[in-house]
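Q: Please find one structure pasted underneath; my questions will follow.
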Amino acid sequence: MSLKSTADIISCVEFNNDGDLLATGDKGGRVVIFQRDKSNPHGAGHAGRGEYNVYSTFQSHEPEFDYLKSLEIEEKINKIRWLKRTNPANFLLSTNDKTVKLWKVTERDKRPDGYNLKDETGILKDPSTVTKLRVPVFKPMELMVEASPRRIFANAHTYHINSISVNSDQETFLSADDLRINLWHLEVTDQSFNIVDIKPANMEELTEVITAAEFHPTECSLFVYSSSKGTLRLCDMRAQALCDKSAKLFEEPEDPTNRSFFSEIISSISDVKFSHNGRYMVTRDYLSVKVWDLNMDTKPIETYQVHEYLRSKLCSLYENDCIFDKFECAWSGDDRHIMTGSYNNFFRMFDRESKRDSTLEASRENMKPRTVLKPRKVCTGGKRKKEEISVDCLDFNKKILHTAWHPKENILAVAATNNLYIFQSKD
Amino acid sequence: MQQNLNMGVKRKLDEIDPVPESMTLEYQRQSILNISMSKLRKSPTRRVEPPLLRSVLILNTLKYIENELKKEGVQSPSSESVFTIPDADPQAVAMDVLPSQDTSLLDSHKMDTEVSPCPTPFQHIGPLPSIDTFVGSRTVSSESKVQLESPVPTVDICKSSNFDFIDSGQSNYFSSFRVEEMLSDIDFTFSDFDIYSSIATGMKLTPLSAEDVVHSFPHQNGSPNENYTNILSSGVSPYCKGEAAFDDLENIMQILVGS
């Protein structure tokens with residue numbers, strides 16, 4: 001991979017609430033929004049599918065320099081979250097390590113025509129040539145999509161922001177960094193409330209950091225945050241102003257038979273997502289995804305192995321830093337499926353009802369539209385079957401960290417380094 | 001008639017050179033330790049702050065190894081008492097974690113290290129060094145004179161290399177340091193110092209602005225000034241590190257003097 005293209009590495013993927021728009025953020029601080037093509041609706045007979053085409057591109061964040069610490073602040077977009085649409089404009093929050101921005105994305109498809117004092121090119125006319133008055137009218141023009149920053153929420157995080165989440169009240173949102181979580185009101189940029197602070201008085205005692213946080217989809221006072229020690233804390237903002245004492249702690253006791261030097265590292269939760277119905281949460285740690293019931297904090301109700309064949313390779317993965325990769329996970333719209341990424345451009349899907357799982361690959365070979373993806377399989381030892389790939393041949397540079405599932409339909413967006421793949425279910 | 005003892009005797013590899021499981025475990029532990037240390041040392045290509053998550057996980061792994069070694073040190077008593085200072089190699093700025101160091105963790109700092117001939121039980125004097133001693137001692141580079149200005153980590157280096165202070169003249173690290181110089185440069189006036197960001201800056205510590213200090217504490221409705229006073233009165237004394245430093249100094253002096 002050449003240095004030139006590192007700015008194109010996609011760093012987040014997010015559908016909006018109706019799935020009509022898909023936003024991606026990249027390492028170079030840009031946001032690219034795709035819109036579903038509505039001109040090709042699902043018709044009887046011809047399986048016309050709406051494709052996603054580029055709708056808008058804008059530079060969200062620029063690299064900054066922290067003069068105090070003599071360090072650069074990366075412009076990489078860590079997360080994008082959409083607000084629910086209430087008027088013709090679309091709003092999204094995008095964040096880098098330090099600053100959250102609210103962007104308004106508007107369409108313009110008409111322009112005024114027939115000014116009295118200006119001609120078509122905009123040059124002022126000589127008033128003496130104006131003989132009669134007319135009312136300017138709006139004429140259609142080519143669609144122009146404009147994005148403008150409406151709010152900038154800055155200077156509230158000492159550490160790197162890893163998550164943002166919009167509350168169901170659509171008026172507030174949270175931003176979480178390694179040690180603190182702040183609550184903001186969308187209208188107020190010069191103040192935020194600190195609702196979680198796990199920074200120890202003595203930094204030498206630091207052993208745990210916050211890795212992800214999310215608001216409950218319907219309960220506006222509940223949010224969850226995950227930690228590097230594999231715990232989840234469900235907090236209720238009604239209980240107290242500083243939610244350090246969680247309402248519920250979700251933690252699975254460690255399996256002593258699997259203890260290794262890397263047990264803690266692989267238990268670190270890289271992503272947590274509430275199900276659409278708000279009853280479950282899914283977490284992703286290095287080797288598995290786990291489904292938790294909000295009512296049971298002793299252990300997850302389901303555990304799915306993503307790539308168990310990597311367990312014997314943990315030392316090498318520690319050496320090449322892959323063990324620190326933060327994979328995301330996603331629910332399908334009906335909460336029946338869970339999806340997450342893996343290496344070699346593989347991504348995995350789990351059907352919670354049938355308990356079946358599948359491995360698919362996002363590769364350029366499958367680029368032709370309407371190609372049905374072949375399921376892939378990794379062989380762990382012994383004789384390798386024809387279609388299988390052996391563990392040692394996996395490309396650990398091709399990792400699928402960011403994935404999103406359409407909120408209503410079976411459409412997946414998968415980011416593989418600097419390429420975005422969109423897959424649709426054929427049924 | 002004397003028989004050739006070797007004739008006709010089939011030698012099995014295991015008999016000649018048995019490889020007990022503990023050795024391979026130790027080898028694995030050692031290599032993880034080496035990898036961890038080099039990870040902490042490596043500076044990112046772009047001058048950005050290294051991810052805190054990664055640093056915490058690596059340091060926790062080191063702590064785990066340290067605990068394991070401690071447990072083993074207790075379980076397998078050796079002839080040497082726990083509190084003796086090994087006469088080894090003053091040039092080895094030994095990590096107090098590992099009894100045996102067979103490689104080159106330190107080579108990259110251009111120091112001649114010798115392999116300890118045989119594993120010695122885990123030894124340390126006084127309280128267990130905090131995890132930042134690993135970071136502290138590793139990120140000191142003999143080239144950078146800036147180290148004199150970095151207060152806390154330098155002091156912690158003293159703590160971690162207690163045994164090697166015996167003959168500081170031979171130690172490349174410490175020959176240019178004098179205890180008084182170290183302490184005179186210490187600035188105890190910050191309250192939000194953290195080792196993790198100091199890793200990023202190559203141990204160049206910068207004083208915090210009032211803004212940074214204010215933002216590091218929970219927002220309250222009061223004015224920033226009020227928050228600042230809260231910090232001072234909340235018991236997080238800016239001088240708490242200083243007291244620890246003096247304890248260490250005492251420790252060091254004891255060793256130097258040999259009492």
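Just so we're on the same page: first chain in the structure tokens is A, next is B, and so on; residues restart at 1 for each chain, and ligands are numbered from 1 in the order they show up.
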Skip Arg108 (chain A) itself and residues of its chain fewer than 5 positions away, then list as a ChimeraX atom specification all residues within 12 Å of it, counting only C-alpha atoms.
A: /A:88-89,138-147
Q: Using only C-alpha atoms, determine which residues of chain A fall within 9 Å of chain B; present them as a CSV table (one decimal) with all heavy atoms, in the first residue's frame.
A:
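Written output follows (selection.csv):
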```
chain,number,residue,atom,x,y,z
A,68,LEU,N,0.8,22.5,23.1
A,68,LEU,CA,1.2,22.2,24.5
A,68,LEU,C,1.9,20.9,24.6
A,68,LEU,O,2.9,20.8,25.3
A,68,LEU,CB,-0.1,22.2,25.3
A,68,LEU,CG,0.1,22.4,26.8
A,68,LEU,CD1,0.6,23.8,27.1
A,68,LEU,CD2,-1.3,22.2,27.5
A,69,LYS,N,1.4,19.9,23.9
A,69,LYS,CA,2.1,18.6,24.1
A,69,LYS,C,3.0,18.3,22.9
A,69,LYS,O,3.6,17.3,22.8
A,69,LYS,CB,1.0,17.5,24.1
A,69,LYS,CG,0.1,17.5,25.3
A,69,LYS,CD,-0.8,16.3,25.2
A,69,LYS,CE,-1.9,16.4,26.3
A,69,LYS,NZ,-2.9,15.4,26.1
A,70,SER,N,3.1,19.2,21.9
A,70,SER,CA,3.9,19.1,20.8
A,70,SER,C,3.5,17.8,20.0
A,70,SER,O,4.4,17.0,19.6
A,70,SER,CB,5.4,18.9,21.2
A,70,SER,OG,6.2,19.6,20.4
A,71,LEU,N,2.2,17.6,19.8
A,71,LEU,CA,1.8,16.5,19.1
A,71,LEU,C,0.7,16.9,18.1
A,71,LEU,O,0.0,17.8,18.3
A,71,LEU,CB,1.1,15.5,20.1
A,71,LEU,CG,2.0,14.8,21.0
A,71,LEU,CD1,1.2,14.1,22.1
A,71,LEU,CD2,3.0,13.8,20.4
A,72,GLU,N,0.7,16.0,17.0
A,72,GLU,CA,-0.4,16.3,16.0
A,72,GLU,C,-1.7,15.7,16.5
A,72,GLU,O,-1.7,14.6,17.1
A,72,GLU,CB,0.0,15.6,14.7
A,72,GLU,CG,0.9,16.5,13.8
A,72,GLU,CD,1.1,15.8,12.5
A,72,GLU,OE1,0.1,15.3,11.8
A,72,GLU,OE2,2.3,15.6,12.1
A,73,ILE,N,-2.8,16.3,16.0
A,73,ILE,CA,-4.1,15.7,16.3
A,73,ILE,C,-4.6,15.2,14.9
A,73,ILE,O,-4.7,16.0,14.0
A,73,ILE,CB,-5.1,16.7,16.9
A,73,ILE,CG1,-4.5,17.2,18.2
A,73,ILE,CG2,-6.4,16.1,17.0
A,73,ILE,CD1,-5.3,18.3,18.8
A,74,GLU,N,-4.8,13.9,14.8
A,74,GLU,CA,-5.1,13.4,13.5
A,74,GLU,C,-6.5,13.8,13.0
A,74,GLU,O,-7.4,14.0,13.8
A,74,GLU,CB,-5.2,11.8,13.6
A,74,GLU,CG,-3.9,11.1,13.4
A,74,GLU,CD,-4.1,9.7,13.3
A,74,GLU,OE1,-4.6,9.0,14.2
A,74,GLU,OE2,-3.8,9.1,12.2
A,155,ASN,N,-12.7,21.0,22.7
A,155,ASN,CA,-12.0,21.3,23.9
A,155,ASN,C,-12.6,20.6,25.1
A,155,ASN,O,-12.5,21.2,26.2
A,155,ASN,CB,-11.9,22.8,24.2
A,155,ASN,CG,-11.1,23.5,23.1
A,155,ASN,OD1,-10.1,23.0,22.6
A,155,ASN,ND2,-11.6,24.7,22.7
A,156,ALA,N,-13.1,19.5,24.9
A,156,ALA,CA,-13.7,18.8,26.1
A,156,ALA,C,-13.1,17.5,26.4
A,156,ALA,O,-13.5,16.8,27.4
A,156,ALA,CB,-15.2,18.6,25.9
A,157,HIS,N,-12.1,17.1,25.6
A,157,HIS,CA,-11.5,15.8,25.8
A,157,HIS,C,-10.0,15.8,25.8
A,157,HIS,O,-9.4,16.3,24.8
A,157,HIS,CB,-12.0,14.8,24.6
A,157,HIS,CG,-13.4,14.4,24.8
A,157,HIS,ND1,-13.8,13.4,25.6
A,157,HIS,CD2,-14.5,14.8,24.2
A,157,HIS,CE1,-15.1,13.2,25.6
A,157,HIS,NE2,-15.6,14.1,24.7
A,158,THR,N,-9.5,15.4,26.9
A,158,THR,CA,-8.1,15.3,27.1
A,158,THR,C,-7.5,14.1,26.3
A,158,THR,O,-6.4,14.1,25.8
A,158,THR,CB,-7.7,15.1,28.5
A,158,THR,OG1,-8.4,16.1,29.3
A,158,THR,CG2,-6.2,15.3,28.7
A,159,TYR,N,-8.3,13.0,26.2
A,159,TYR,CA,-7.9,11.8,25.6
A,159,TYR,C,-8.6,11.6,24.3
A,159,TYR,O,-9.5,12.4,23.9
A,159,TYR,CB,-8.1,10.6,26.6
A,159,TYR,CG,-7.4,10.9,27.9
A,159,TYR,CD1,-8.0,11.4,29.0
A,159,TYR,CD2,-6.0,10.6,28.0
A,159,TYR,CE1,-7.3,11.7,30.2
A,159,TYR,CE2,-5.3,10.9,29.1
A,159,TYR,CZ,-6.0,11.4,30.2
A,159,TYR,OH,-5.3,11.7,31.3
A,160,HIS,N,-8.4,10.5,23.6
A,160,HIS,CA,-8.9,10.4,22.3
A,160,HIS,C,-10.3,9.9,22.3
A,160,HIS,O,-10.6,8.9,22.9
A,160,HIS,CB,-8.0,9.4,21.5
A,160,HIS,CG,-6.7,10.0,21.1
A,160,HIS,ND1,-5.8,9.3,20.4
A,160,HIS,CD2,-6.1,11.2,21.4
A,160,HIS,CE1,-4.7,10.0,20.2
A,160,HIS,NE2,-4.9,11.2,20.8
A,178,ASP,N,-11.0,7.8,26.2
A,178,ASP,CA,-10.5,6.7,26.9
A,178,ASP,C,-10.8,6.7,28.4
A,178,ASP,O,-10.9,5.6,29.0
A,178,ASP,CB,-8.9,6.6,26.9
A,178,ASP,CG,-8.4,6.4,25.4
A,178,ASP,OD1,-8.9,5.5,24.8
A,178,ASP,OD2,-7.5,7.2,25.0
A,180,ARG,N,-13.1,9.3,29.9
A,180,ARG,CA,-14.3,10.1,30.3
A,180,ARG,C,-15.4,10.1,29.3
A,180,ARG,O,-15.1,9.9,28.1
A,180,ARG,CB,-13.9,11.6,30.5
A,180,ARG,CG,-12.8,11.7,31.6
A,180,ARG,CD,-12.7,13.2,32.0
A,180,ARG,NE,-11.7,13.4,33.1
A,180,ARG,CZ,-10.4,13.7,32.9
A,180,ARG,NH1,-10.0,13.9,31.6
A,180,ARG,NH2,-9.6,13.8,33.9
A,191,GLN,N,-20.3,24.1,26.5
A,191,GLN,CA,-20.4,23.4,27.8
A,191,GLN,C,-20.7,22.0,27.5
A,191,GLN,O,-21.5,21.7,26.6
A,191,GLN,CB,-21.6,24.0,28.5
A,191,GLN,CG,-21.2,24.9,29.7
A,191,GLN,CD,-22.4,25.2,30.5
A,191,GLN,OE1,-23.2,24.3,30.8
A,191,GLN,NE2,-22.6,26.4,30.8
A,192,SER,N,-20.2,21.1,28.3
A,192,SER,CA,-20.7,19.7,28.3
A,192,SER,C,-20.6,19.2,29.7
A,192,SER,O,-19.9,19.7,30.6
A,192,SER,CB,-19.8,18.9,27.4
A,192,SER,OG,-18.6,18.6,28.0
A,193,PHE,N,-21.4,18.2,30.0
A,193,PHE,CA,-21.5,17.6,31.3
A,193,PHE,C,-20.7,16.4,31.3
A,193,PHE,O,-20.8,15.5,30.5
A,193,PHE,CB,-22.9,17.3,31.7
A,193,PHE,CG,-23.7,18.5,32.0
A,193,PHE,CD1,-24.6,19.0,31.0
A,193,PHE,CD2,-23.7,19.2,33.2
A,193,PHE,CE1,-25.3,20.2,31.2
A,193,PHE,CE2,-24.4,20.3,33.4
A,193,PHE,CZ,-25.3,20.8,32.4
A,194,ASN,N,-19.8,16.2,32.3
A,194,ASN,CA,-19.1,15.0,32.4
A,194,ASN,C,-19.9,14.0,33.2
A,194,ASN,O,-20.3,14.2,34.3
A,194,ASN,CB,-17.7,15.3,33.1
A,194,ASN,CG,-16.9,14.0,33.3
A,194,ASN,OD1,-16.7,13.5,34.5
A,194,ASN,ND2,-16.5,13.4,32.3
A,195,ILE,N,-20.2,12.9,32.5
A,195,ILE,CA,-21.1,11.9,33.2
A,195,ILE,C,-20.3,10.6,33.6
A,195,ILE,O,-20.9,9.8,34.4
A,195,ILE,CB,-22.3,11.5,32.3
A,195,ILE,CG1,-21.9,11.1,30.9
A,195,ILE,CG2,-23.3,12.7,32.3
A,195,ILE,CD1,-23.0,10.7,30.1
A,196,VAL,N,-19.2,10.4,33.1
A,196,VAL,CA,-18.4,9.2,33.5
A,196,VAL,C,-16.9,9.7,33.6
A,196,VAL,O,-16.5,10.3,32.6
A,196,VAL,CB,-18.5,8.0,32.6
A,196,VAL,CG1,-17.5,6.9,33.0
A,196,VAL,CG2,-19.9,7.5,32.6
A,197,ASP,N,-16.3,9.4,34.7
A,197,ASP,CA,-14.8,9.7,34.8
A,197,ASP,C,-14.1,8.5,35.5
A,197,ASP,O,-14.4,8.3,36.6
A,197,ASP,CB,-14.7,11.0,35.6
A,197,ASP,CG,-13.3,11.5,35.5
A,197,ASP,OD1,-12.3,10.7,35.2
A,197,ASP,OD2,-13.0,12.7,35.8
A,199,LYS,N,-10.8,8.2,35.4
A,199,LYS,CA,-9.4,8.5,35.5
A,199,LYS,C,-9.0,8.4,37.0
A,199,LYS,O,-9.6,9.0,37.8
A,199,LYS,CB,-9.2,10.0,35.0
A,199,LYS,CG,-7.7,10.4,35.1
A,199,LYS,CD,-7.6,11.8,34.5
A,199,LYS,CE,-6.2,12.2,34.3
A,199,LYS,NZ,-5.5,12.4,35.5
A,201,ALA,N,-6.8,9.1,40.4
A,201,ALA,CA,-6.0,10.2,40.8
A,201,ALA,C,-4.6,10.1,40.5
A,201,ALA,O,-3.9,11.1,40.1
A,201,ALA,CB,-6.2,10.4,42.3
A,202,ASN,N,-4.1,8.9,40.5
A,202,ASN,CA,-2.7,8.7,40.2
A,202,ASN,C,-2.7,7.9,38.9
A,202,ASN,O,-3.1,6.7,38.9
A,202,ASN,CB,-2.0,7.9,41.3
A,202,ASN,CG,-0.5,7.7,41.1
A,202,ASN,OD1,0.0,8.2,40.1
A,202,ASN,ND2,0.1,7.1,42.1
A,203,MET,N,-2.2,8.5,37.8
A,203,MET,CA,-2.2,7.8,36.5
A,203,MET,C,-1.5,6.5,36.5
A,203,MET,O,-1.7,5.6,35.7
A,203,MET,CB,-1.7,8.7,35.4
A,203,MET,CG,-2.8,9.6,34.9
A,203,MET,SD,-4.2,8.8,34.1
A,203,MET,CE,-3.6,8.6,32.4
A,204,GLU,N,-0.5,6.3,37.5
A,204,GLU,CA,0.2,5.1,37.5
A,204,GLU,C,-0.7,3.9,37.9
A,204,GLU,O,-0.3,2.8,37.6
A,204,GLU,CB,1.3,5.2,38.6
A,204,GLU,CG,2.4,6.2,38.2
A,204,GLU,CD,3.3,6.5,39.3
A,204,GLU,OE1,3.4,5.7,40.3
A,204,GLU,OE2,4.0,7.5,39.3
A,205,GLU,N,-1.8,4.2,38.5
A,205,GLU,CA,-2.8,3.1,38.8
A,205,GLU,C,-3.7,2.8,37.7
A,205,GLU,O,-4.6,2.0,37.9
A,205,GLU,CB,-3.6,3.6,40.1
A,205,GLU,CG,-2.7,3.7,41.3
A,205,GLU,CD,-3.4,4.5,42.4
A,205,GLU,OE1,-4.6,4.9,42.2
A,205,GLU,OE2,-2.8,4.8,43.4
A,206,LEU,N,-3.6,3.4,36.6
A,206,LEU,CA,-4.5,3.2,35.5
A,206,LEU,C,-4.3,1.8,34.9
A,206,LEU,O,-3.2,1.4,34.5
A,206,LEU,CB,-4.3,4.2,34.4
A,206,LEU,CG,-5.2,4.0,33.1
A,206,LEU,CD1,-6.6,4.4,33.5
A,206,LEU,CD2,-4.7,4.9,32.0
A,207,THR,N,-5.4,1.0,34.9
A,207,THR,CA,-5.4,-0.3,34.3
A,207,THR,C,-6.5,-0.6,33.3
A,207,THR,O,-6.5,-1.6,32.7
A,207,THR,CB,-5.4,-1.4,35.4
A,207,THR,OG1,-6.6,-1.2,36.2
A,207,THR,CG2,-4.2,-1.4,36.4
A,208,GLU,N,-7.4,0.3,33.3
A,208,GLU,CA,-8.6,0.1,32.5
A,208,GLU,C,-9.0,1.3,31.7
A,208,GLU,O,-9.0,2.4,32.3
A,208,GLU,CB,-9.7,-0.4,33.4
A,208,GLU,CG,-11.0,-1.0,32.7
A,208,GLU,CD,-12.0,-1.5,33.7
A,208,GLU,OE1,-11.8,-1.3,34.9
A,208,GLU,OE2,-12.9,-2.2,33.3
A,209,VAL,N,-9.4,1.2,30.5
A,209,VAL,CA,-9.9,2.4,29.7
A,209,VAL,C,-11.2,2.1,29.1
A,209,VAL,O,-11.6,0.9,28.9
A,209,VAL,CB,-8.9,2.9,28.6
A,209,VAL,CG1,-7.6,3.2,29.2
A,209,VAL,CG2,-8.7,1.8,27.6
A,210,ILE,N,-11.9,3.2,28.8
A,210,ILE,CA,-13.2,3.0,28.1
A,210,ILE,C,-13.0,2.8,26.6
A,210,ILE,O,-12.1,3.4,26.0
A,210,ILE,CB,-14.0,4.3,28.2
A,210,ILE,CG1,-14.4,4.6,29.7
A,210,ILE,CG2,-15.3,4.3,27.4
A,210,ILE,CD1,-15.0,6.0,30.0
A,211,THR,N,-13.7,1.8,26.0
A,211,THR,CA,-13.4,1.5,24.6
A,211,THR,C,-14.6,1.9,23.7
A,211,THR,O,-14.3,2.1,22.5
A,211,THR,CB,-13.1,0.0,24.4
A,211,THR,OG1,-14.1,-0.7,25.1
A,211,THR,CG2,-11.8,-0.4,25.1
A,228,SER,N,-11.6,-2.0,28.5
A,228,SER,CA,-10.6,-2.8,28.0
A,228,SER,C,-10.4,-4.1,28.8
A,228,SER,O,-9.6,-4.9,28.4
A,228,SER,CB,-9.3,-2.0,28.1
A,228,SER,OG,-9.0,-1.6,29.4
A,229,LYS,N,-11.2,-4.2,29.9
A,229,LYS,CA,-11.1,-5.4,30.7
A,229,LYS,C,-12.2,-6.4,30.4
A,229,LYS,O,-12.5,-7.3,31.1
A,229,LYS,CB,-11.1,-5.1,32.2
A,229,LYS,CG,-9.8,-4.6,32.6
A,229,LYS,CD,-9.5,-4.8,34.1
A,229,LYS,CE,-8.0,-4.5,34.4
A,229,LYS,NZ,-7.8,-4.2,35.8
A,242,LEU,N,-22.9,12.2,38.2
A,242,LEU,CA,-21.7,11.5,37.7
A,242,LEU,C,-22.0,10.0,37.8
A,242,LEU,O,-22.1,9.5,38.9
A,242,LEU,CB,-20.5,12.0,38.5
A,242,LEU,CG,-19.1,11.5,38.0
A,242,LEU,CD1,-18.8,12.1,36.7
A,242,LEU,CD2,-18.1,11.9,39.0
A,261,PHE,N,-1.1,-15.4,28.5
A,261,PHE,CA,-0.5,-14.0,28.6
A,261,PHE,C,-1.4,-13.0,28.0
A,261,PHE,O,-1.4,-11.8,28.4
A,261,PHE,CB,0.9,-13.9,28.0
A,261,PHE,CG,1.9,-14.8,28.7
A,261,PHE,CD1,2.4,-15.9,28.0
A,261,PHE,CD2,2.3,-14.5,29.9
A,261,PHE,CE1,3.3,-16.7,28.7
A,261,PHE,CE2,3.3,-15.2,30.6
A,261,PHE,CZ,3.8,-16.4,29.9
A,262,PHE,N,-2.2,-13.4,27.0
A,262,PHE,CA,-3.0,-12.4,26.3
A,262,PHE,C,-4.4,-12.4,26.6
A,262,PHE,O,-5.2,-11.8,26.0
A,262,PHE,CB,-2.8,-12.8,24.8
A,262,PHE,CG,-1.4,-12.9,24.3
A,262,PHE,CD1,-0.8,-14.1,24.1
A,262,PHE,CD2,-0.6,-11.7,24.3
A,262,PHE,CE1,0.5,-14.2,23.7
A,262,PHE,CE2,0.7,-11.8,23.9
A,262,PHE,CZ,1.3,-13.0,23.6
A,263,SER,N,-4.8,-13.1,27.7
A,263,SER,CA,-6.2,-13.2,28.1
A,263,SER,C,-6.8,-11.8,28.2
A,263,SER,O,-7.9,-11.6,27.8
A,263,SER,CB,-6.4,-14.0,29.4
A,263,SER,OG,-6.0,-15.3,29.2
A,264,GLU,N,-6.1,-10.9,28.9
A,264,GLU,CA,-6.7,-9.6,29.1
A,264,GLU,C,-6.9,-8.9,27.8
A,264,GLU,O,-7.9,-8.3,27.5
A,264,GLU,CB,-5.9,-8.8,30.1
A,264,GLU,CG,-6.7,-7.5,30.4
A,264,GLU,CD,-6.0,-6.6,31.3
A,264,GLU,OE1,-5.4,-7.1,32.3
A,264,GLU,OE2,-5.9,-5.4,31.1
A,265,ILE,N,-5.8,-8.9,26.9
A,265,ILE,CA,-5.9,-8.2,25.7
A,265,ILE,C,-7.0,-8.6,24.8
A,265,ILE,O,-7.8,-7.8,24.2
A,265,ILE,CB,-4.6,-8.3,24.9
A,265,ILE,CG1,-3.4,-7.7,25.8
A,265,ILE,CG2,-4.7,-7.5,23.6
A,265,ILE,CD1,-2.1,-7.7,25.1
A,268,SER,N,-10.6,-7.5,25.8
A,268,SER,CA,-10.9,-6.1,25.6
A,268,SER,C,-12.0,-5.9,24.6
A,268,SER,O,-11.9,-6.4,23.5
A,268,SER,CB,-9.7,-5.3,25.2
A,268,SER,OG,-10.0,-4.0,24.9
A,315,CYS,N,0.6,-14.8,19.9
A,315,CYS,CA,1.9,-14.2,20.2
A,315,CYS,C,2.3,-13.4,18.9
A,315,CYS,O,2.8,-12.3,19.0
A,315,CYS,CB,2.9,-15.3,20.6
A,315,CYS,SG,4.3,-14.5,21.4
A,318,TYR,N,0.3,-10.4,18.6
A,318,TYR,CA,0.7,-9.4,19.5
A,318,TYR,C,2.0,-8.6,19.0
A,318,TYR,O,2.1,-7.4,19.0
A,318,TYR,CB,1.1,-10.0,20.8
A,318,TYR,CG,1.5,-9.1,21.9
A,318,TYR,CD1,0.7,-8.1,22.4
A,318,TYR,CD2,2.7,-9.2,22.6
A,318,TYR,CE1,1.1,-7.2,23.4
A,318,TYR,CE2,3.1,-8.4,23.6
A,318,TYR,CZ,2.3,-7.4,24.0
A,318,TYR,OH,2.7,-6.6,25.0
A,319,GLU,N,2.8,-9.4,18.4
A,319,GLU,CA,4.1,-8.8,17.8
A,319,GLU,C,3.8,-7.8,16.7
A,319,GLU,O,4.4,-6.8,16.6
A,319,GLU,CB,5.0,-9.9,17.4
A,319,GLU,CG,6.4,-9.6,17.3
A,319,GLU,CD,7.3,-10.8,17.1
A,319,GLU,OE1,6.8,-11.9,16.9
A,319,GLU,OE2,8.5,-10.6,17.0
A,321,ASP,N,1.1,-6.3,16.2
A,321,ASP,CA,0.1,-5.3,16.7
A,321,ASP,C,-1.3,-5.6,16.2
A,321,ASP,O,-2.3,-4.9,16.5
A,321,ASP,CB,0.4,-3.9,16.2
A,321,ASP,CG,1.1,-3.1,17.3
A,321,ASP,OD1,1.5,-3.7,18.3
A,321,ASP,OD2,1.2,-1.9,17.1
A,324,PHE,N,-4.4,-5.6,18.6
A,324,PHE,CA,-5.0,-4.4,19.1
A,324,PHE,C,-6.1,-3.9,18.1
A,324,PHE,O,-6.6,-2.8,18.3
A,324,PHE,CB,-4.0,-3.3,19.4
A,324,PHE,CG,-3.0,-3.7,20.4
A,324,PHE,CD1,-1.6,-4.0,20.0
A,324,PHE,CD2,-3.3,-3.8,21.7
A,324,PHE,CE1,-0.7,-4.4,21.0
A,324,PHE,CE2,-2.4,-4.2,22.7
A,324,PHE,CZ,-1.1,-4.5,22.3
```
Q: Would you mind writing down, as a list of chain:residue names, each residue of region 110-291 of chain A that DSSP on the backbone assigns to alpha helix (DSSP H)?
A: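 Alpha helix (DSSP H) assignments inside region 110-291 of chain A correspond to A:Ser263, A:Glu264, A:Ile265, A:Ile266, A:Ser267.
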Q: Go ahead and write the selection's residues with C-alpha atoms as a short mmCIF file (atom, residue, chain, number, x, y, z; two decimals), in the first residue's frame.
A:
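Saved as again_23.cif:
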```cif
data_model
loop_
_atom_site.label_atom_id
_atom_site.label_comp_id
_atom_site.auth_asym_id
_atom_site.auth_seq_id
_atom_site.Cartn_x
_atom_site.Cartn_y
_atom_site.Cartn_z
CA SER A 263 -6.19 -13.20 28.05
CA GLU A 264 -6.73 -9.63 29.07
CA ILE A 265 -5.89 -8.16 25.70
CA ILE A 266 -8.27 -10.42 23.83
CA SER A 267 -11.04 -9.78 26.32
#
```
Q: List as a list in words the protein and nucleic acid residues near Asp126 (chain A), meaning an atom at most 8 Å away when only C-alpha atoms are counted, but skip any in the same chain fewer than 3 places from it.
A: Leu117, Thr129 and Val130 of chain A
